[in-house]
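Undergrad: Sharing run-v6.pdb below, PDB, C-alpha atoms:
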```
ATOM      1  CA  MET A1159      -1.136 -31.493  -3.229
ATOM      2  CA  SER A1160      -1.585 -34.283  -0.655
ATOM      3  CA  GLU A1161       1.032 -36.939   0.107
ATOM      4  CA  ASP A1162      -1.284 -39.547  -1.405
ATOM      5  CA  ASN A1163      -1.122 -37.737  -4.759
ATOM      6  CA  ALA A1164       2.608 -37.021  -4.588
ATOM      7  CA  VAL A1165       4.536 -37.962  -7.716
ATOM      8  CA  ASP A1166       8.247 -38.701  -8.044
ATOM      9  CA  THR A1167       9.560 -35.850 -10.170
ATOM     10  CA  SER A1168      13.204 -36.895  -9.918
ATOM     11  CA  CYS A1169      12.761 -39.069 -13.015
ATOM     12  CA  CYS A1170      11.329 -38.514 -16.484
ATOM     13  CA  ALA A1171       7.606 -39.336 -16.297
ATOM     14  CA  SER A1172       7.790 -41.062 -19.684
ATOM     15  CA  CYS A1173      11.028 -43.089 -19.926
ATOM     16  CA  GLY A1174      12.007 -43.070 -16.241
ATOM     17  CA  ILE A1175      15.538 -41.749 -16.687
ATOM     18  CA  ALA A1176      16.842 -39.993 -13.567
ATOM     19  CA  GLU A1177      18.115 -36.413 -13.418
ATOM     20  CA  VAL A1178      21.808 -37.157 -12.979
ATOM     21  CA  ASP A1179      25.047 -35.937 -14.497
ATOM     22  CA  GLY A1180      24.170 -34.227 -17.781
ATOM     23  CA  ILE A1181      20.475 -35.179 -17.758
ATOM     24  CA  LYS A1182      18.231 -32.157 -17.113
ATOM     25  CA  LEU A1183      14.502 -32.568 -16.646
ATOM     26  CA  LYS A1184      12.009 -29.834 -17.491
ATOM     27  CA  GLU A1185       8.697 -29.434 -15.719
ATOM     28  CA  CYS A1186       5.353 -29.826 -17.474
ATOM     29  CA  ALA A1187       4.180 -26.344 -18.456
ATOM     30  CA  GLY A1188       0.677 -26.977 -17.135
ATOM     31  CA  CYS A1189       1.304 -28.526 -13.718
ATOM     32  CA  ASP A1190       3.911 -29.618 -11.171
ATOM     33  CA  LEU A1191       3.185 -33.344 -11.416
ATOM     34  CA  ALA A1192       5.577 -34.413 -14.150
ATOM     35  CA  ARG A1193       9.021 -33.671 -15.571
ATOM     36  CA  TYR A1194      10.536 -34.821 -18.865
ATOM     37  CA  CYS A1195      13.982 -35.339 -20.314
ATOM     38  CA  SER A1196      12.925 -34.335 -23.842
ATOM     39  CA  ASP A1197      10.097 -32.924 -25.927
ATOM     40  CA  GLU A1198       9.624 -36.376 -27.450
ATOM     41  CA  CYS A1199       9.064 -37.984 -24.033
ATOM     42  CA  GLN A1200       6.572 -35.264 -23.118
ATOM     43  CA  LYS A1201       4.710 -35.831 -26.399
ATOM     44  CA  ASN A1202       4.639 -39.622 -25.896
ATOM     45  CA  HIS A1203       3.318 -39.224 -22.344
ATOM     46  CA  LYS A1204       0.634 -36.654 -23.182
ATOM     47  CA  SER A1205      -2.325 -39.060 -23.457
ATOM     48  CA  LEU A1206      -1.509 -40.615 -20.059
ATOM     49  CA  HIS A1207      -0.852 -37.291 -18.328
ATOM     50  CA  GLU A1208      -3.479 -35.007 -19.864
ATOM     51  CA  ASP A1209      -6.365 -35.587 -17.413
ATOM     52  CA  ALA A1210      -4.183 -35.375 -14.310
ATOM     53  CA  CYS A1211      -2.485 -32.298 -15.731
ATOM     54  CA  LYS A1212      -5.768 -30.452 -16.263
ATOM     55  CA  LYS A1213      -6.978 -31.344 -12.762
ATOM     56  CA  ARG A1214      -3.751 -30.218 -11.116
ATOM     57  CA  ALA A1215      -3.596 -27.049 -13.230
ATOM     58  CA  ALA A1216      -7.088 -26.144 -11.997
ATOM     59  CA  GLU A1217      -5.991 -26.782  -8.400
ATOM     60  CA  LEU A1218      -2.933 -24.567  -8.823
ATOM     61  CA  ARG A1219      -5.061 -21.842 -10.388
ATOM     62  CA  ASP A1220      -7.452 -21.912  -7.437
ATOM     63  CA  GLU A1221      -4.560 -21.797  -4.964
ATOM     64  CA  LEU A1222      -3.405 -18.602  -6.647
ATOM     65  CA  LEU A1223      -6.894 -17.189  -7.132
ATOM     66  CA  PHE A1224      -8.053 -17.639  -3.543
ATOM     67  CA  LYS A1225      -4.881 -16.409  -1.866
ATOM     68  CA  GLN A1226      -5.515 -13.262   0.175
ATOM     69  CA  PRO A1227      -3.524 -10.388  -1.394
ATOM     70  CA  ASP A1228      -1.270  -8.380   0.903
ATOM     71  CA  SER A1229      -2.969  -5.162  -0.230
ATOM     72  CA  SER A1230      -5.395  -3.784  -2.765
ATOM     73  CA  HIS A1231      -4.255  -3.042  -6.313
ATOM     74  CA  HIS A1232      -3.611   0.560  -5.206
ATOM     75  CA  GLY A1233      -0.963  -0.452  -2.677
ATOM     76  CA  ASP A1234       0.450   2.235  -0.387
ATOM     77  CA  CYS A1235       0.829   5.952  -0.931
ATOM     78  CA  PRO A1236       4.492   6.314  -1.991
ATOM     79  CA  ILE A1237       4.958   9.301   0.343
ATOM     80  CA  CYS A1238       3.316   8.421   3.673
ATOM     81  CA  MET A1239       3.467   4.651   3.005
ATOM     82  CA  ILE A1240      -0.058   4.161   4.379
ATOM     83  CA  PRO A1241      -2.478   1.953   2.371
ATOM     84  CA  LEU A1242      -4.384   3.957  -0.201
ATOM     85  CA  PRO A1243      -8.179   4.131   0.169
ATOM     86  CA  LEU A1244     -10.320   2.295  -2.379
ATOM     87  CA  ASP A1245     -12.350   5.458  -3.048
ATOM     88  CA  PRO A1246     -10.730   7.036  -6.154
ATOM     89  CA  LYS A1247     -11.812  10.497  -4.975
ATOM     90  CA  LYS A1248      -9.416  10.222  -2.040
ATOM     91  CA  SER A1249      -6.256   9.970  -4.159
ATOM     92  CA  THR A1250      -4.814  11.687  -7.221
ATOM     93  CA  MET A1251      -2.861  10.176 -10.093
ATOM     94  CA  LYS A1252       0.157  12.290 -11.047
ATOM     95  CA  GLY A1253       0.768  12.288 -14.786
ATOM     96  CA  CYS A1254       4.398  13.350 -14.371
ATOM     97  CA  CYS A1255       5.458  10.181 -12.523
ATOM     98  CA  SER A1256       2.378   7.896 -12.691
ATOM     99  CA  LYS A1257       2.193   7.791  -8.897
ATOM    100  CA  LEU A1258      -1.092   7.628  -7.014
ATOM    101  CA  ILE A1259      -0.833  10.071  -4.098
ATOM    102  CA  CYS A1260      -3.308  10.199  -1.207
ATOM    103  CA  ASN A1261      -5.238  13.412  -0.590
ATOM    104  CA  GLY A1262      -3.538  13.758   2.784
ATOM    105  CA  CYS A1263      -0.073  14.054   1.245
ATOM    106  CA  ASN A1264      -1.377  16.236  -1.585
ATOM    107  CA  HIS A1265      -3.078  18.587   0.866
ATOM    108  CA  ALA A1266      -0.058  18.754   3.176
ATOM    109  CA  ASN A1267       2.157  19.565   0.191
ATOM    110  CA  ASN A1268      -0.250  22.299  -0.964
ATOM    111  CA  ILE A1269      -0.233  23.898   2.485
ATOM    112  CA  ARG A1270       3.571  23.867   2.655
ATOM    113  CA  GLU A1271       3.890  25.420  -0.803
ATOM    114  CA  TRP A1272       1.342  28.103   0.040
ATOM    115  CA  GLU A1273       3.062  28.966   3.340
ATOM    116  CA  GLU A1274       6.478  29.120   1.666
ATOM    117  CA  ARG A1275       5.121  30.897  -1.436
ATOM    118  CA  ARG A1276       6.521  28.205  -3.714
ATOM    119  CA  ASP A1277       5.415  27.220  -7.199
ATOM    120  CA  PRO A1278       3.357  24.001  -7.206
ATOM    121  CA  LEU A1279       5.415  20.827  -7.627
ATOM    122  CA  CYS A1280       4.492  17.158  -7.680
ATOM    123  CA  PRO A1281       4.740  15.983  -4.064
ATOM    124  CA  PHE A1282       6.547  12.817  -5.195
ATOM    125  CA  CYS A1283       8.904  13.545  -8.098
ATOM    126  CA  ARG A1284       9.085  17.327  -7.454
ATOM    127  CA  GLU A1285       8.503  18.169 -11.104
ATOM    128  CA  PRO A1286       6.486  21.341 -11.870
ATOM    129  CA  LEU A1287       2.806  20.502 -12.287
ATOM    130  CA  PRO A1288       1.408  20.877 -15.826
ATOM    131  CA  THR A1289      -0.735  23.967 -16.270
ATOM    132  CA  THR A1290      -2.555  22.899 -19.441
ATOM    133  CA  LYS A1291      -4.153  19.714 -20.755
ATOM    134  CA  GLU A1292      -1.779  19.802 -23.708
ATOM    135  CA  GLU A1293       1.233  19.786 -21.394
ATOM    136  CA  ARG A1294      -0.260  17.009 -19.270
ATOM    137  CA  ASP A1295      -0.968  14.850 -22.337
ATOM    138  CA  LYS A1296       2.552  15.455 -23.650
ATOM    139  CA  ARG A1297       4.047  14.186 -20.388
ATOM    140  CA  ARG A1298       1.788  11.164 -20.362
ATOM    141  CA  MET A1299       2.723  10.229 -23.927
ATOM    142  CA  LYS A1300       6.378  10.508 -22.923
ATOM    143  CA  ARG A1301       5.775   7.965 -20.182
ATOM    144  CA  ILE A1302       3.819   5.729 -22.550
ATOM    145  CA  LYS A1303       6.773   5.704 -24.950
ATOM    146  CA  ALA A1304       8.907   4.626 -21.990
ATOM    147  CA  ASN A1305       6.559   1.622 -21.532
ATOM    148  CA  ASP A1306       4.899   2.886 -18.351
ATOM    149  CA  PRO A1307       1.841   0.572 -17.903
ATOM    150  CA  VAL A1308       0.095   2.965 -15.491
ATOM    151  CA  ALA A1309       0.296   5.803 -18.020
ATOM    152  CA  MET A1310      -1.077   3.438 -20.690
ATOM    153  CA  THR A1311      -3.973   2.492 -18.427
ATOM    154  CA  GLN A1312      -4.794   6.143 -17.742
ATOM    155  CA  TRP A1313      -4.585   7.074 -21.419
ATOM    156  CA  GLY A1314      -6.668   4.063 -22.408
ATOM    157  CA  GLY A1315      -9.314   5.118 -19.897
ATOM    158  CA  GLU A1316      -9.500   8.568 -21.469
ATOM    159  CA  GLN A1317      -9.922   7.017 -24.918
ATOM    160  CA  ALA A1318     -12.747   4.829 -23.607
ATOM    161  CA  GLN A1319     -14.506   7.903 -22.178
ATOM    162  CA  LYS A1320     -14.290   9.484 -25.631
ATOM    163  CA  GLY A1321     -15.902   6.387 -27.151
ATOM    164  CA  ASP A1322     -12.727   5.119 -28.846
ATOM    165  CA  HIS A1323     -12.893   1.657 -27.322
ATOM    166  CA  GLN A1324     -10.597   0.034 -29.865
ATOM    167  CA  SER A1325      -7.745   2.371 -28.891
ATOM    168  CA  ALA A1326      -8.613   1.809 -25.239
ATOM    169  CA  PHE A1327      -8.387  -1.951 -25.760
ATOM    170  CA  GLN A1328      -4.966  -1.635 -27.371
ATOM    171  CA  TYR A1329      -3.571   0.476 -24.531
ATOM    172  CA  PHE A1330      -5.136  -1.738 -21.858
ATOM    173  CA  THR A1331      -3.753  -4.889 -23.483
ATOM    174  CA  LYS A1332      -0.250  -3.455 -23.688
ATOM    175  CA  ALA A1333      -0.423  -2.323 -20.040
ATOM    176  CA  ALA A1334      -1.504  -5.825 -19.000
ATOM    177  CA  GLU A1335       1.393  -7.361 -20.928
ATOM    178  CA  LEU A1336       3.751  -5.022 -19.028
ATOM    179  CA  GLY A1337       2.471  -6.277 -15.696
ATOM    180  CA  ASP A1338      -0.309  -3.891 -14.628
ATOM    181  CA  ALA A1339      -2.705  -6.215 -12.784
ATOM    182  CA  ALA A1340      -5.394  -3.586 -12.222
ATOM    183  CA  VAL A1341      -5.905  -2.947 -15.953
ATOM    184  CA  HIS A1342      -7.283  -6.472 -16.319
ATOM    185  CA  TYR A1343     -10.430  -5.128 -14.660
ATOM    186  CA  ASN A1344     -10.782  -2.552 -17.478
ATOM    187  CA  LEU A1345     -10.374  -5.326 -20.037
ATOM    188  CA  SER A1346     -13.060  -7.391 -18.307
ATOM    189  CA  VAL A1347     -15.465  -4.457 -18.677
ATOM    190  CA  LEU A1348     -14.753  -4.210 -22.419
ATOM    191  CA  TYR A1349     -15.390  -7.931 -22.910
ATOM    192  CA  ASP A1350     -18.559  -7.707 -20.835
ATOM    193  CA  ASP A1351     -19.933  -4.715 -22.752
ATOM    194  CA  GLY A1352     -18.603  -5.716 -26.167
ATOM    195  CA  HIS A1353     -16.917  -2.344 -26.612
ATOM    196  CA  GLY A1354     -13.916  -2.460 -28.949
ATOM    197  CA  VAL A1355     -14.057  -6.274 -28.873
ATOM    198  CA  GLU A1356     -16.650  -8.993 -29.272
ATOM    199  CA  LYS A1357     -18.465  -9.979 -26.097
ATOM    200  CA  ASP A1358     -16.680 -12.949 -24.544
ATOM    201  CA  LYS A1359     -17.710 -14.316 -21.140
ATOM    202  CA  GLY A1360     -14.671 -16.559 -20.865
ATOM    203  CA  LYS A1361     -12.237 -13.696 -21.451
ATOM    204  CA  GLU A1362     -14.226 -11.445 -19.131
ATOM    205  CA  ILE A1363     -13.858 -13.978 -16.302
ATOM    206  CA  TYR A1364     -10.169 -14.533 -17.081
ATOM    207  CA  HIS A1365      -9.426 -10.817 -16.782
ATOM    208  CA  LEU A1366     -11.533 -10.529 -13.635
ATOM    209  CA  GLU A1367      -9.475 -13.337 -12.111
ATOM    210  CA  GLU A1368      -6.176 -11.727 -13.106
ATOM    211  CA  ALA A1369      -7.293  -8.409 -11.609
ATOM    212  CA  ALA A1370      -8.524 -10.147  -8.442
ATOM    213  CA  ILE A1371      -5.191 -11.943  -8.021
ATOM    214  CA  GLY A1372      -3.568  -8.514  -8.271
ATOM    215  CA  GLY A1373      -5.684  -7.228  -5.381
ATOM    216  CA  HIS A1374      -8.566  -5.553  -7.254
ATOM    217  CA  PRO A1375     -11.564  -5.788  -4.857
ATOM    218  CA  TYR A1376     -14.172  -4.756  -7.439
ATOM    219  CA  ALA A1377     -13.021  -7.544  -9.762
ATOM    220  CA  ARG A1378     -13.191  -9.903  -6.798
ATOM    221  CA  PHE A1379     -16.737  -8.727  -6.006
ATOM    222  CA  ASN A1380     -17.824  -9.341  -9.597
ATOM    223  CA  LEU A1381     -16.402 -12.860  -9.439
ATOM    224  CA  GLY A1382     -18.372 -13.458  -6.252
ATOM    225  CA  VAL A1383     -21.550 -12.340  -7.969
ATOM    226  CA  GLU A1384     -20.864 -14.605 -10.947
ATOM    227  CA  GLU A1385     -20.191 -17.604  -8.717
ATOM    228  CA  GLU A1386     -23.390 -17.020  -6.731
ATOM    229  CA  LYS A1387     -25.382 -16.813  -9.964
ATOM    230  CA  SER A1388     -23.953 -20.155 -11.066
ATOM    231  CA  GLY A1389     -24.762 -21.756  -7.707
ATOM    232  CA  SER A1390     -21.144 -22.053  -6.536
ATOM    233  CA  ILE A1391     -21.856 -20.547  -3.128
ATOM    234  CA  GLU A1392     -18.643 -21.681  -1.448
ATOM    235  CA  ARG A1393     -16.509 -20.045  -4.145
ATOM    236  CA  ALA A1394     -18.676 -16.923  -4.076
ATOM    237  CA  VAL A1395     -18.233 -16.551  -0.314
ATOM    238  CA  LYS A1396     -14.458 -16.992  -0.627
ATOM    239  CA  HIS A1397     -14.259 -14.193  -3.207
ATOM    240  CA  LEU A1398     -16.440 -11.844  -1.169
ATOM    241  CA  ILE A1399     -14.513 -12.445   2.051
ATOM    242  CA  ILE A1400     -11.213 -11.678   0.303
ATOM    243  CA  ALA A1401     -12.677  -8.452  -1.118
ATOM    244  CA  ALA A1402     -14.157  -7.508   2.267
ATOM    245  CA  ASN A1403     -10.746  -8.073   3.871
ATOM    246  CA  LEU A1404      -9.416  -5.424   1.469
ATOM    247  CA  GLY A1405     -12.053  -2.945   2.655
ATOM    248  CA  ASP A1406     -14.711  -3.337  -0.053
ATOM    249  CA  ASP A1407     -18.111  -2.122   1.189
ATOM    250  CA  LYS A1408     -20.214  -3.847  -1.497
ATOM    251  CA  SER A1409     -18.785  -7.234  -0.596
ATOM    252  CA  ILE A1410     -19.704  -6.753   3.064
ATOM    253  CA  LYS A1411     -23.265  -5.817   2.104
ATOM    254  CA  LEU A1412     -23.586  -8.889  -0.118
ATOM    255  CA  LEU A1413     -22.161 -11.144   2.611
ATOM    256  CA  MET A1414     -24.728  -9.764   5.051
ATOM    257  CA  ARG A1415     -27.517 -10.517   2.588
ATOM    258  CA  MET A1416     -26.185 -14.024   2.011
ATOM    259  CA  PHE A1417     -25.939 -14.522   5.788
ATOM    260  CA  LYS A1418     -29.659 -13.771   6.088
ATOM    261  CA  GLU A1419     -30.269 -16.381   3.387
ATOM    262  CA  GLY A1420     -28.217 -18.981   5.264
ATOM    263  CA  LYS A1421     -25.363 -19.004   2.740
ATOM    264  CA  VAL A1422     -22.718 -17.534   5.059
ATOM    265  CA  SER A1423     -21.959 -18.653   8.601
ATOM    266  CA  LYS A1424     -22.092 -16.251  11.525
ATOM    267  CA  VAL A1425     -18.425 -16.933  12.273
ATOM    268  CA  ASP A1426     -17.305 -16.120   8.702
ATOM    269  CA  LEU A1427     -19.415 -12.954   8.585
ATOM    270  CA  ALA A1428     -18.090 -11.735  11.933
ATOM    271  CA  ALA A1429     -14.488 -12.343  10.839
ATOM    272  CA  ALA A1430     -15.125 -10.515   7.542
ATOM    273  CA  LEU A1431     -16.651  -7.538   9.363
ATOM    274  CA  ARG A1432     -13.627  -7.258  11.656
ATOM    275  CA  ALA A1433     -11.150  -7.567   8.780
ATOM    276  CA  HIS A1434     -13.092  -5.042   6.709
ATOM    277  CA  GLN A1435     -13.038  -2.481   9.508
ATOM    278  CA  ALA A1436      -9.337  -3.082  10.084
ATOM    279  CA  ALA A1437      -8.641  -2.501   6.376
ATOM    280  CA  VAL A1438     -10.630   0.747   6.392
ATOM    281  CA  ASP A1439      -8.939   1.952   9.589
ATOM    282  CA  ALA A1440      -5.511   1.213   8.095
ATOM    283  CA  THR A1441      -6.127   3.840   5.395
ATOM    284  CA  LYS A1442      -6.771   6.633   7.920
ATOM    285  CA  SER A1443      -4.296   9.264   9.113
ATOM    286  CA  PRO A1444      -4.439  12.779  10.602
ATOM    287  CA  HIS A1445      -3.282  14.292   7.285
ATOM    288  CA  ARG A1446      -6.003  12.452   5.362
ATOM    289  CA  GLU A1447      -8.671  13.473   7.869
ATOM    290  CA  ALA A1448      -7.516  17.110   7.607
ATOM    291  CA  ALA A1449      -7.687  16.902   3.811
ATOM    292  CA  GLU A1450     -11.158  15.371   3.909
ATOM    293  CA  GLU A1451     -12.402  18.140   6.215
ATOM    294  CA  TYR A1452     -10.852  20.806   3.983
ATOM    295  CA  TYR A1453     -12.435  19.446   0.794
ATOM    296  CA  ARG A1454     -15.772  18.934   2.547
ATOM    297  CA  ASN A1455     -15.820  22.557   3.739
ATOM    298  CA  ARG A1456     -14.868  23.797   0.289
ATOM    299  CA  ARG A1457     -17.711  21.860  -1.318
ATOM    300  CA  GLN A1458     -20.153  23.317   1.179
ATOM    301  CA  GLN A1459     -18.940  26.835   0.422
ATOM    302  CA  GLN A1460     -19.373  26.252  -3.316
ATOM    303  CA  HIS A1461     -23.018  25.258  -2.765
TER     304      HIS A1461
END
```
Let me see the structure of the file written as structure tokens.
TA:
Amino acid sequence: MSEDNAVDTSCCASCGIAEVDGIKLKECAGCDLARYCSDECQKNHKSLHEDACKKRAAELRDELLFKQPDSSHHGDCPICMIPLPLDPKKSTMKGCCSKLICNGCNHANNIREWEERRDPLCPFCREPLPTTKEERDKRRMKRIKANDPVAMTQWGGEQAQKGDHQSAFQYFTKAAELGDAAVHYNLSVLYDDGHGVEKDKGKEIYHLEEAAIGGHPYARFNLGVEEEKSGSIERAVKHLIIAANLGDDKSIKLLMRMFKEGKVSKVDLAAALRAHQAAVDATKSPHREAAEEYYRNRRQQQH
């Protein structure tokens, strides 16, 4: 907010009483422009404040939406503390503790257990790994009962794969309420496809935005595509650059196409390419490279 638009919030926006002694002012729920001494004052001031409130609320939303996240929604591997790759094949979700572990740490743990002739344990929580689907599902349900949003997201995904989209929606919604930002992407897919819920473009975009704020690059990419379709090129480019900075390949490809069409500057594209490469490089480690080589050789042997 510029100095020209600054508002004195030390007094009630309706009656003008100052916040002194026992007088406590509460902020407008929609913006940071006004404060009130009572619900009655807020109600009386609504018609005068409504337009400015909506405008400022939109500005605050954009400030949050277009802020570069510190990391992707995956975060760091909890063992090696190196950023997790975006490729889901390069990490494994552990049902015992709901931790996403990189293949490098998984592979290193497997080698150590094999060399020491130990029974397989989770590399993070050190619990014995489940040997059957029934045991795995039992552990996951235990975590769901303990209000673990990651376990709910995983279970909801399995229900969606089975075609039970209504159950998936319920689990996804609960996980979102408990603070799982990434699951908003799953909800956006349901609203886009109309699976388990009625199709709703507004809710789809809302959940894409929530996921993007949480560092989900695929949600961010989808928002960029939507903005380009609507002709909001500047907003589209902002979304794609943020996703590219997180290491998203599709966003880089779309930025390159838009550059050829004159929609992206050479300077912005060059900066995005450098940031993208830096994000990809940050996910690399000797253990992960060893794991990738091991799995690649095993696949070749199987064929």
Undergrad: Please build the interface table for range 1169-1270 of chain A against range 1304-1320 of chain A with a cut-off of 10 Å, listing for each qualifying residue the nearest atom pair and the distance in Å to one decimal; count only C-alpha atoms, order rows by chain and increasing number, and write it as a tab-separated table.
TA:
```
residue	atom	partner	partner_atom	distance
A:Met1251	CA	A:Gln1312	CA	8.9
A:Lys1252	CA	A:Ala1309	CA	9.5
A:Gly1253	CA	A:Ala1309	CA	7.3
A:Cys1254	CA	A:Ala1309	CA	9.3
A:Cys1255	CA	A:Ala1309	CA	8.7
A:Ser1256	CA	A:Ala1309	CA	6.1
A:Lys1257	CA	A:Val1308	CA	8.4
A:Leu1258	CA	A:Val1308	CA	9.7
```
Undergrad: Could you spell out the hits of the PyMOL selection byres ((chain A and resi 1219) around 12) on the shown file, as JSON, numbers by chain?
TA: {"A": [1188, 1189, 1190, 1212, 1213, 1214, 1215, 1216, 1217, 1218, 1220, 1221, 1222, 1223, 1224, 1225, 1364, 1367, 1368, 1371]}
Undergrad: Just write the chosen residues, C-alpha atoms, as a compact mmCIF listing (two decimals), in the frame of the given file.
TA:
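And here's out_14.txt as it stands now:
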```txt
# COMPACT_ATOMS: atom_id res chain seq x y z
CA GLY A 1188 0.68 -26.98 -17.14
CA CYS A 1189 1.30 -28.53 -13.72
CA ASP A 1190 3.91 -29.62 -11.17
CA LYS A 1212 -5.77 -30.45 -16.26
CA LYS A 1213 -6.98 -31.34 -12.76
CA ARG A 1214 -3.75 -30.22 -11.12
CA ALA A 1215 -3.60 -27.05 -13.23
CA ALA A 1216 -7.09 -26.14 -12.00
CA GLU A 1217 -5.99 -26.78 -8.40
CA LEU A 1218 -2.93 -24.57 -8.82
CA ASP A 1220 -7.45 -21.91 -7.44
CA GLU A 1221 -4.56 -21.80 -4.96
CA LEU A 1222 -3.40 -18.60 -6.65
CA LEU A 1223 -6.89 -17.19 -7.13
CA PHE A 1224 -8.05 -17.64 -3.54
CA LYS A 1225 -4.88 -16.41 -1.87
CA TYR A 1364 -10.17 -14.53 -17.08
CA GLU A 1367 -9.48 -13.34 -12.11
CA GLU A 1368 -6.18 -11.73 -13.11
CA ILE A 1371 -5.19 -11.94 -8.02
```
Undergrad: At what distance in Å, to one decimal, does CA of Asn1268 in chain A lie from CA of His1461 in chain A?
TA: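 Distance between the two atoms: 23.0 Å.
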Undergrad: To one decimal in Å, tell me the separation between CA of Ala1377 in chain A and CA of Glu1419 in chain A.
TA: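 If I compute the distance from CA of Ala1377 in chain A to CA of Glu1419 in chain A, I get 23.4 Å.
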Undergrad: Enumerate, in order of chain and increasing residue number, the residues of range 1191-1297 of chain A with an atom no farther than 9 Å from range 1400-1411 of chain A, each with its shortest atom pair and distance in Å to one decimal, counting only C-alpha atoms, as a Markdown table.
TA:
```
| residue | atom | partner | partner_atom | distance |
| --- | --- | --- | --- | --- |
| A:Phe1224 | CA | A:Ile1400 | CA | 7.8 |
| A:Lys1225 | CA | A:Ile1400 | CA | 8.2 |
| A:Gln1226 | CA | A:Ile1400 | CA | 5.9 |
| A:Pro1227 | CA | A:Ile1400 | CA | 8.0 |
| A:Asp1228 | CA | A:Leu1404 | CA | 8.7 |
| A:Ser1229 | CA | A:Leu1404 | CA | 6.7 |
| A:Ser1230 | CA | A:Leu1404 | CA | 6.1 |
| A:Pro1243 | CA | A:Gly1405 | CA | 8.4 |
| A:Leu1244 | CA | A:Gly1405 | CA | 7.5 |
```
